[in-house]
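Structure data follow from upload34.cif (mmCIF, C-alpha atoms):
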data_coords
loop_
_atom_site.label_atom_id
_atom_site.label_comp_id
_atom_site.auth_asym_id
_atom_site.auth_seq_id
_atom_site.Cartn_x
_atom_site.Cartn_y
_atom_site.Cartn_z
CA MET A 1 194.91 155.85 58.55
CA LYS A 2 191.11 155.73 58.13
CA TYR A 3 190.55 156.69 61.78
CA LEU A 4 193.00 159.60 61.79
CA PHE A 5 190.38 162.16 60.73
CA PHE A 6 188.08 161.19 63.59
CA ILE A 7 190.93 161.51 66.10
CA ILE A 8 191.66 165.01 64.77
CA SER A 9 187.97 165.93 65.04
CA LEU A 10 187.86 164.78 68.66
CA SER A 11 191.02 166.75 69.45
CA SER A 12 189.46 169.86 67.93
CA LEU A 13 186.39 169.49 70.14
CA ILE A 14 188.54 169.16 73.26
CA LEU A 15 190.43 172.38 72.43
CA CYS A 16 187.40 174.38 71.26
CA SER A 17 186.75 175.96 74.66
CA GLU A 18 190.14 177.67 74.94
CA GLN A 19 190.03 181.40 75.71
CA ASN A 20 191.28 183.70 72.97
CA ASP A 21 192.63 187.27 73.13
CA GLN A 22 192.38 190.34 70.93
CA SER A 23 195.69 191.76 69.69
CA ILE A 24 196.72 194.41 67.22
CA GLU A 25 199.25 193.96 64.41
CA ILE A 26 201.13 197.04 63.23
CA VAL A 27 203.18 197.04 60.02
CA THR A 28 205.66 199.86 59.50
CA LYS A 29 207.25 201.31 56.38
CA ASP A 30 210.57 199.58 57.02
CA GLY A 31 208.87 196.14 56.96
CA ASN A 32 208.75 195.50 60.72
CA ILE A 33 205.68 193.75 62.14
CA PHE A 34 204.66 194.34 65.77
CA LEU A 35 202.03 192.29 67.61
CA GLY A 36 200.61 193.19 71.00
CA VAL A 37 198.15 195.49 72.78
CA ILE A 38 198.05 199.29 72.56
CA VAL A 39 198.31 200.57 76.13
CA ASP A 40 198.53 204.28 75.26
CA GLU A 41 198.72 206.63 72.30
CA ASN A 42 198.98 210.31 71.49
CA GLY A 43 198.99 212.36 68.33
CA GLU A 44 202.46 211.17 67.34
CA GLN A 45 202.90 207.56 68.48
CA TYR A 46 201.40 204.28 69.64
CA ILE A 47 202.64 202.63 72.85
CA LEU A 48 202.48 198.87 72.21
CA LYS A 49 202.98 196.14 74.81
CA THR A 50 203.92 192.70 73.51
CA LYS A 51 203.04 189.32 75.00
CA ASP A 52 206.55 189.23 76.50
CA GLY A 53 205.86 192.46 78.39
CA ILE A 54 208.11 194.59 76.17
CA THR A 55 206.85 198.16 75.63
CA ILE A 56 207.53 199.68 72.20
CA SER A 57 206.96 203.23 70.96
CA ILE A 58 205.89 203.28 67.30
CA PRO A 59 205.67 206.63 65.44
CA LYS A 60 202.32 206.96 63.70
CA SER A 61 204.06 208.45 60.66
CA SER A 62 205.82 205.09 60.08
CA VAL A 63 202.66 202.95 60.22
CA ILE A 64 201.29 201.66 56.91
CA LYS A 65 198.80 199.12 58.28
CA LYS A 66 197.04 198.49 61.59
CA SER A 67 194.88 195.35 62.00
CA TYR A 68 193.02 193.79 64.91
CA LEU A 69 193.64 190.06 65.24
CA GLU A 70 192.27 187.29 67.40
CA THR A 71 195.18 185.49 69.06
CA LYS A 72 195.87 182.85 71.67
CA GLU A 73 198.98 181.81 73.57
CA PHE A 74 200.06 178.17 73.77
CA ASN A 75 203.32 176.99 75.32
CA GLY A 76 204.67 180.53 75.14
CA GLU A 77 203.94 180.90 71.41
CA VAL A 78 201.37 183.37 70.07
CA TYR A 79 198.99 181.97 67.45
CA ARG A 80 197.17 184.21 64.99
CA ALA A 81 193.60 183.23 64.07
CA ASP A 82 193.35 181.21 60.87
CA PRO A 83 192.18 183.48 57.99
CA ASN A 84 190.83 180.31 56.28
CA LYS A 85 188.28 179.67 59.05
CA SER A 86 185.26 180.06 56.73
CA MET A 87 186.00 176.92 54.68
CA TYR A 88 187.72 173.57 54.99
CA PHE A 89 188.47 172.09 51.55
CA PHE A 90 185.15 171.99 49.76
CA ALA A 91 182.77 172.21 52.73
CA PRO A 92 181.96 175.44 54.60
CA SER A 93 182.16 176.18 58.28
CA ALA A 94 179.56 178.41 59.95
CA PHE A 95 182.12 181.20 60.32
CA PRO A 96 181.77 184.10 57.83
CA ILE A 97 184.68 185.36 55.76
CA GLY A 98 184.36 188.76 57.44
CA GLN A 99 183.39 192.27 56.45
CA ASN A 100 185.34 193.45 53.39
CA GLN A 101 187.69 190.43 53.60
CA ALA A 102 188.50 188.62 50.36
CA TYR A 103 190.66 185.82 49.03
CA CYS A 104 191.32 183.83 45.86
CA ARG A 105 191.48 180.06 46.08
CA ASP A 106 192.35 177.12 43.84
CA PHE A 107 191.00 173.73 44.93
CA CYS A 108 193.04 170.81 43.52
CA LEU A 109 194.06 173.08 40.62
CA PHE A 110 190.66 172.52 38.92
CA PHE A 111 188.39 174.87 40.91
CA PRO A 112 189.64 178.48 41.07
CA SER A 113 187.35 180.90 42.89
CA TYR A 114 187.02 184.41 44.29
CA ASN A 115 185.56 184.69 47.79
CA ARG A 116 184.41 187.82 49.65
CA GLY A 117 182.65 188.68 52.88
CA PHE A 118 179.87 191.21 53.36
CA GLY A 119 179.07 191.26 57.08
CA ASN A 120 177.59 187.85 57.92
CA THR A 121 177.23 186.95 54.23
CA SER A 122 179.97 185.11 52.32
CA ILE A 123 179.98 184.90 48.51
CA GLN A 124 181.97 182.57 46.25
CA ALA A 125 182.24 182.76 42.44
CA GLY A 126 184.31 180.23 40.53
CA ALA A 127 184.49 177.62 37.80
CA PHE A 128 185.46 173.99 37.26
CA VAL A 129 188.31 174.05 34.76
CA PHE A 130 189.88 170.89 33.33
CA PRO A 131 192.68 170.52 30.74
CA GLY A 132 191.44 170.67 27.16
CA MET A 133 188.07 172.15 28.09
CA GLY A 134 186.78 174.96 25.89
CA VAL A 135 185.68 178.24 27.44
CA VAL A 136 182.03 177.69 26.52
CA ASP A 137 182.12 174.26 28.18
CA ILE A 138 183.29 175.45 31.60
CA PRO A 139 180.74 174.94 34.43
CA LEU A 140 180.32 178.17 36.41
CA VAL A 141 179.83 178.14 40.18
CA LEU A 142 178.09 180.57 42.52
CA SER A 143 177.59 179.97 46.22
CA ALA A 144 176.46 182.06 49.18
CA LYS A 145 176.38 181.52 52.93
CA TYR A 146 174.70 183.45 55.74
CA SER A 147 176.14 182.97 59.24
CA LEU A 148 174.37 183.31 62.58
CA GLN A 149 176.70 183.56 65.57
CA ASN A 150 176.34 184.02 69.32
CA ASN A 151 178.20 182.89 72.43
CA ILE A 152 176.73 179.37 72.20
CA LEU A 153 176.03 178.45 68.59
CA ASN A 154 177.60 179.05 65.18
CA LEU A 155 175.08 178.28 62.45
CA ALA A 156 175.02 178.92 58.72
CA THR A 157 172.75 178.24 55.79
CA GLY A 158 173.36 178.68 52.10
CA PHE A 159 173.49 177.24 48.62
CA MET A 160 175.79 176.28 45.79
CA TYR A 161 174.66 176.52 42.18
CA VAL A 162 176.60 175.08 39.23
CA LYS A 163 175.50 176.29 35.80
CA MET A 164 176.22 173.50 33.33
CA PRO A 165 176.90 174.20 29.64
CA VAL A 166 174.28 172.64 27.35
CA ASP A 167 173.49 172.64 23.65
CA GLY A 168 170.43 174.40 22.35
CA GLU A 169 168.09 176.68 24.29
CA ASN A 170 167.59 174.49 27.36
CA SER A 171 169.25 175.57 30.59
CA PHE A 172 170.56 173.07 33.11
CA GLY A 173 172.05 173.49 36.57
CA THR A 174 172.70 171.54 39.70
CA GLY A 175 173.67 172.37 43.24
CA LEU A 176 173.17 172.01 46.93
CA LEU A 177 171.24 173.64 49.77
CA PHE A 178 172.96 173.24 53.13
CA LEU A 179 172.75 173.81 56.87
CA THR A 180 175.96 173.90 58.93
CA ASN A 181 176.69 173.90 62.64
CA THR A 182 180.23 174.67 63.88
CA LEU A 183 181.62 174.09 67.35
CA GLY A 184 184.80 175.87 68.36
CA ASN A 185 186.72 179.04 67.64
CA ASN A 186 188.97 180.50 64.97
CA PHE A 187 191.80 178.12 65.91
CA ASN A 188 190.16 174.72 66.45
CA HIS A 189 186.70 173.89 65.14
CA PHE A 190 184.49 171.00 64.06
CA SER A 191 181.50 171.28 61.71
CA THR A 192 178.57 169.09 60.75
CA SER A 193 176.47 169.83 57.67
CA LEU A 194 173.30 168.56 56.04
CA GLY A 195 172.86 169.10 52.31
CA TRP A 196 170.05 168.54 49.84
CA GLY A 197 171.06 168.23 46.21
CA TYR A 198 168.91 169.56 43.41
CA ILE A 199 168.70 169.68 39.62
CA LYS A 200 167.26 172.60 37.63
CA THR A 201 166.09 172.05 34.06
CA ASP A 202 164.71 175.23 32.52
CA SER A 203 162.15 176.31 35.18
CA ASP A 204 161.73 172.85 36.76
CA TRP A 205 163.40 172.08 40.08
CA GLU A 206 163.91 168.59 41.49
CA PHE A 207 165.27 168.12 45.03
CA SER A 208 166.70 164.98 46.58
CA GLU A 209 164.58 163.39 49.31
CA ASN A 210 167.50 162.26 51.45
CA PRO A 211 170.27 164.59 52.65
CA LEU A 212 173.99 164.09 52.42
CA PHE A 213 176.14 164.46 55.54
CA ASN A 214 179.46 166.20 55.92
CA PHE A 215 181.83 166.23 58.89
CA ALA A 216 184.84 168.54 58.83
CA SER A 217 187.51 169.59 61.28
CA ASN A 218 190.40 172.03 61.67
CA PHE A 219 193.04 171.30 64.33
CA ARG A 220 195.75 173.93 64.88
CA VAL A 221 199.17 172.39 65.51
CA LYS A 222 201.35 175.52 65.37
CA ASP A 223 200.95 179.16 64.41
CA ASN A 224 201.76 178.29 60.79
CA LEU A 225 200.34 174.75 60.62
CA ALA A 226 196.92 173.11 60.91
CA ILE A 227 195.53 169.65 60.13
CA VAL A 228 192.27 169.80 58.16
CA GLY A 229 189.88 166.97 57.31
CA GLU A 230 186.53 166.35 55.61
CA PHE A 231 184.30 163.28 55.44
CA TRP A 232 181.30 163.00 53.09
CA LYS A 233 178.38 160.55 53.25
CA PHE A 234 176.18 160.69 50.16
CA PRO A 235 172.65 159.21 49.99
CA ASP A 236 172.50 155.63 48.72
CA VAL A 237 176.31 155.33 48.73
CA ASP A 238 177.92 152.65 50.88
CA LEU A 239 179.87 154.00 53.86
CA SER A 240 183.05 152.26 52.70
CA LEU A 241 182.89 154.19 49.41
CA SER A 242 182.38 157.58 51.09
CA PRO A 243 185.24 159.98 50.38
CA PHE A 244 187.34 161.73 52.98
CA MET A 245 190.11 164.29 52.63
CA LEU A 246 193.01 165.00 54.94
CA ALA A 247 195.78 167.56 54.58
CA ALA A 248 198.36 169.69 56.33
CA ARG A 249 197.54 173.39 55.94
CA PHE A 250 200.62 175.64 55.93
CA ILE A 251 199.51 179.12 57.01
CA GLY A 252 201.31 182.33 56.08
CA ARG A 253 200.27 185.92 56.69
CA GLN A 254 198.52 186.08 53.29
CA ILE A 255 199.05 182.68 51.67
CA ALA A 256 197.91 179.21 52.77
CA VAL A 257 198.77 175.90 51.09
CA ASP A 258 197.04 172.53 51.68
CA VAL A 259 198.99 169.36 50.96
CA GLY A 260 197.22 166.04 51.48
CA PHE A 261 195.10 163.35 49.86
CA ILE A 262 191.57 162.24 48.92
CA THR A 263 190.54 158.61 49.41
CA THR A 264 187.75 156.32 50.62
CA LEU A 265 187.48 154.14 53.70
CA GLU A 266 188.00 150.92 51.74
CA ASN A 267 190.82 152.13 49.51
CA ASP A 268 194.10 150.35 50.23
CA GLY A 269 195.93 151.77 47.22
CA ILE A 270 197.54 155.13 46.54
CA PRO A 271 195.14 158.01 47.36
CA PHE A 272 194.48 160.92 45.00
CA PRO A 273 196.72 163.89 45.87
CA LEU A 274 195.17 167.10 47.21
CA LEU A 275 196.85 170.47 46.64
CA ASN A 276 195.13 173.81 47.36
CA PHE A 277 196.34 177.41 47.28
CA THR A 278 194.71 180.42 48.98
CA TYR A 279 195.76 184.05 48.74
CA HIS A 280 194.24 186.67 51.07
CA PHE A 281 194.12 190.29 49.97
#

As structure tokens, how would this structure be written, given the file I've shared?
Amino acid sequence: MKYLFFIISLSSLILCSEQNDQSIEIVTKDGNIFLGVIVDENGEQYILKTKDGITISIPKSSVIKKSYLETKEFNGEVYRADPNKSMYFFAPSAFPIGQNQAYCRDFCLFFPSYNRGFGNTSIQAGAFVFPGMGVVDIPLVLSAKYSLQNNILNLATGFMYVKMPVDGENSFGTGLLFLTNTLGNNFNHFSTSLGWGYIKTDSDWEFSENPLFNFASNFRVKDNLAIVGEFWKFPDVDLSLSPFMLAARFIGRQIAVDVGFITTLENDGIPFPLLNFTYHF
């Protein structure tokens, strides 16, 4: 079991170079969804050609939504790009959320957040909420990521800041500065990250000297299913105690659900369950 994540990561790297296509998804008033390429249009209708070569005439008056999607074909099945490409579980990829794209997410039921894209910038606002915790005691979270992409590299840099509740007038916060490199595409990708933790007390900042390492991977199995994994190596923590997460990600058109576990390399007992929900607007 402990080597499964590394096998998935290697598989993602092998499939990263696959060529992807651009398709259009049209939703009509009667609830039908059409996916293909527009080969012609006039003032009254779109002429859509599907992957199977079927040509469909769609009246423009019946269209309620028209979206461009990145797709690929595998064994005769068309895969839509994963809308969750910007993040694994807790670690980011170098892919941005996307202009005017937004989603709400709940990590392990204790970390709800709102996430939105502004061009190459991705913003997250959330909180760590545990049972019995008072409102004034809830740690608030803000993170931001800026992505740099070209035909060769996908890079990102950003920060996470957690504002901790304290008594009195002193302010206290902690967080992480990170650099991320992602290999792959919107279907299969593998990321490595370096992070430097810090503590802020009033106006004083203290940064860790040694970075933490993160390795994360997303391997697409079917159009509606991916296997996602993360491995963390913290400074001064033995490798056998380093946590890793592995889950099946069930992908819908707007909703994604992760079902898996969190454990360490030396743990032979029952791992901690992992359950995430994501809703895309």

### Task
Tell me which protein, DNA and RNA residues are within 8 Å of Leu109 in chain A, counting only C-alpha atoms, leaving out same-chain ones fewer than 3 positions away, and put them as a list of chain:residue names.
A:Asp106, A:Pro112, A:Leu275, A:Asn276

With the cut-off set at 12 Å and counting only C-alpha atoms, tabulate each residue of range 28-136 of chain A with an atom at most that distance from an atom of range 243-246 of chain A, showing the nearest atom pair and its distance in Å to one decimal, ordered by chain and increasing number, as a tab-separated table.
residue	atom	partner	partner_atom	distance
A:Tyr88	CA	A:Met245	CA	9.9
A:Phe89	CA	A:Met245	CA	8.0
A:Phe90	CA	A:Met245	CA	9.6
A:Ala91	CA	A:Met245	CA	10.8
A:Cys108	CA	A:Met245	CA	11.6

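Taken over the whole file, the PyMOL selection byres ((chain A and resi 205) around 12) covers exactly Ser171, Phe172, Gly173, Thr174, Gly175, Leu176, Gly197, Tyr198, Ile199, Lys200, Thr201, Asp202, Ser203, Asp204, Glu206, Phe207 and Ser208 of chain A.
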
Taking the file as I've supplied it (selection: the PyMOL selection byres ((chain A and resi 154-159) around 8)), which residues are included? Please answer as a PDB file with C-alpha atoms, in the coordinates of the input.
ATOM      1  CA  SER A  93     182.160 176.180  58.280  1.00  0.00           C
ATOM      2  CA  ALA A  94     179.560 178.410  59.950  1.00  0.00           C
ATOM      3  CA  PHE A  95     182.120 181.200  60.320  1.00  0.00           C
ATOM      4  CA  SER A 143     177.590 179.970  46.220  1.00  0.00           C
ATOM      5  CA  ALA A 144     176.460 182.060  49.180  1.00  0.00           C
ATOM      6  CA  LYS A 145     176.380 181.520  52.930  1.00  0.00           C
ATOM      7  CA  TYR A 146     174.700 183.450  55.740  1.00  0.00           C
ATOM      8  CA  SER A 147     176.140 182.970  59.240  1.00  0.00           C
ATOM      9  CA  LEU A 148     174.370 183.310  62.580  1.00  0.00           C
ATOM     10  CA  GLN A 149     176.700 183.560  65.570  1.00  0.00           C
ATOM     11  CA  ASN A 150     176.340 184.020  69.320  1.00  0.00           C
ATOM     12  CA  ILE A 152     176.730 179.370  72.200  1.00  0.00           C
ATOM     13  CA  LEU A 153     176.030 178.450  68.590  1.00  0.00           C
ATOM     14  CA  MET A 160     175.790 176.280  45.790  1.00  0.00           C
ATOM     15  CA  TYR A 161     174.660 176.520  42.180  1.00  0.00           C
ATOM     16  CA  GLY A 175     173.670 172.370  43.240  1.00  0.00           C
ATOM     17  CA  LEU A 176     173.170 172.010  46.930  1.00  0.00           C
ATOM     18  CA  LEU A 177     171.240 173.640  49.770  1.00  0.00           C
ATOM     19  CA  PHE A 178     172.960 173.240  53.130  1.00  0.00           C
ATOM     20  CA  LEU A 179     172.750 173.810  56.870  1.00  0.00           C
ATOM     21  CA  THR A 180     175.960 173.900  58.930  1.00  0.00           C
ATOM     22  CA  ASN A 181     176.690 173.900  62.640  1.00  0.00           C
ATOM     23  CA  THR A 182     180.230 174.670  63.880  1.00  0.00           C
ATOM     24  CA  LEU A 183     181.620 174.090  67.350  1.00  0.00           C
TER      25      LEU A 183
END

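Minimum atom-to-atom distance to Glu70 in chain A, evaluated using all atoms listed in the file, belongs to A:Val37 out of A:Val257, A:Ala102, A:Val37, A:Ile270.
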
I'd like the residues picked by the PyMOL selection byres ((chain A and resi 56) around 10) written out as a PDB file with C-alpha atoms, in the frame of the given file, using the chain letters and numbers from the file.
ATOM      1  CA  PHE A  34     204.660 194.340  65.770  1.00  0.00           C
ATOM      2  CA  GLY A  36     200.610 193.190  71.000  1.00  0.00           C
ATOM      3  CA  ILE A  38     198.050 199.290  72.560  1.00  0.00           C
ATOM      4  CA  GLN A  45     202.900 207.560  68.480  1.00  0.00           C
ATOM      5  CA  TYR A  46     201.400 204.280  69.640  1.00  0.00           C
ATOM      6  CA  ILE A  47     202.640 202.630  72.850  1.00  0.00           C
ATOM      7  CA  LEU A  48     202.480 198.870  72.210  1.00  0.00           C
ATOM      8  CA  LYS A  49     202.980 196.140  74.810  1.00  0.00           C
ATOM      9  CA  THR A  50     203.920 192.700  73.510  1.00  0.00           C
ATOM     10  CA  GLY A  53     205.860 192.460  78.390  1.00  0.00           C
ATOM     11  CA  ILE A  54     208.110 194.590  76.170  1.00  0.00           C
ATOM     12  CA  THR A  55     206.850 198.160  75.630  1.00  0.00           C
ATOM     13  CA  SER A  57     206.960 203.230  70.960  1.00  0.00           C
ATOM     14  CA  ILE A  58     205.890 203.280  67.300  1.00  0.00           C
ATOM     15  CA  PRO A  59     205.670 206.630  65.440  1.00  0.00           C
TER      16      PRO A  59
END

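Look at Ile227 in chain A: the protein and nucleic acid residues within 8 Å of it, using all atoms listed in the file and passing over chain neighbours fewer than 4 places away, are Ile8, Asn218, Phe219, Arg220, Val221, Leu246, Ala247, Ala248 and Arg249 of chain A.
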
### Query
In Å, how far is it from CA of Asp258 in chain A to CA of Lys51 in chain A?
29.4 Å

### Task
Please provide as a ChimeraX atom specification all residues within 7 Å of Phe281 in chain A, with the sequence filter that same-chain residues fewer than 2 positions apart are discarded (counting all atoms listed in the file).
/A:102-103,254,279

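CA of Ser217 in chain A to CA of Ser191 in chain A spans 6.3 Å [interatomic distance, one decimal].
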
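Atom pair CA of Ile26 in chain A / CA of Lys65 in chain A: separated by 5.9 Å.
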
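When only C-alpha atoms are used to measure the gap to Thr28 in chain A, the shortest distance among A:Gly269, A:Ser67, A:Trp232, A:Asn185 belongs to A:Ser67.
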
### Message
So, with all atoms listed in the file as the atoms that count, which of A:Ile255, A:Phe261, A:Val135, A:Glu266 lies closest to Asp238 in chain A?
### Response
A:Glu266

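Shortest separation to Glu73 in chain A among A:Thr121, A:Phe187, A:Thr278, A:Leu265 occurs at residue A:Phe187, atoms counted being all atoms listed in the file.
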
#### Entry: Close residues, Ser242 in chain A itself excluded, 6 Å, all atoms listed in the file, min 3 positions apart in chain, as an MDAnalysis selection string
chainID A and resid 232:233 239 264
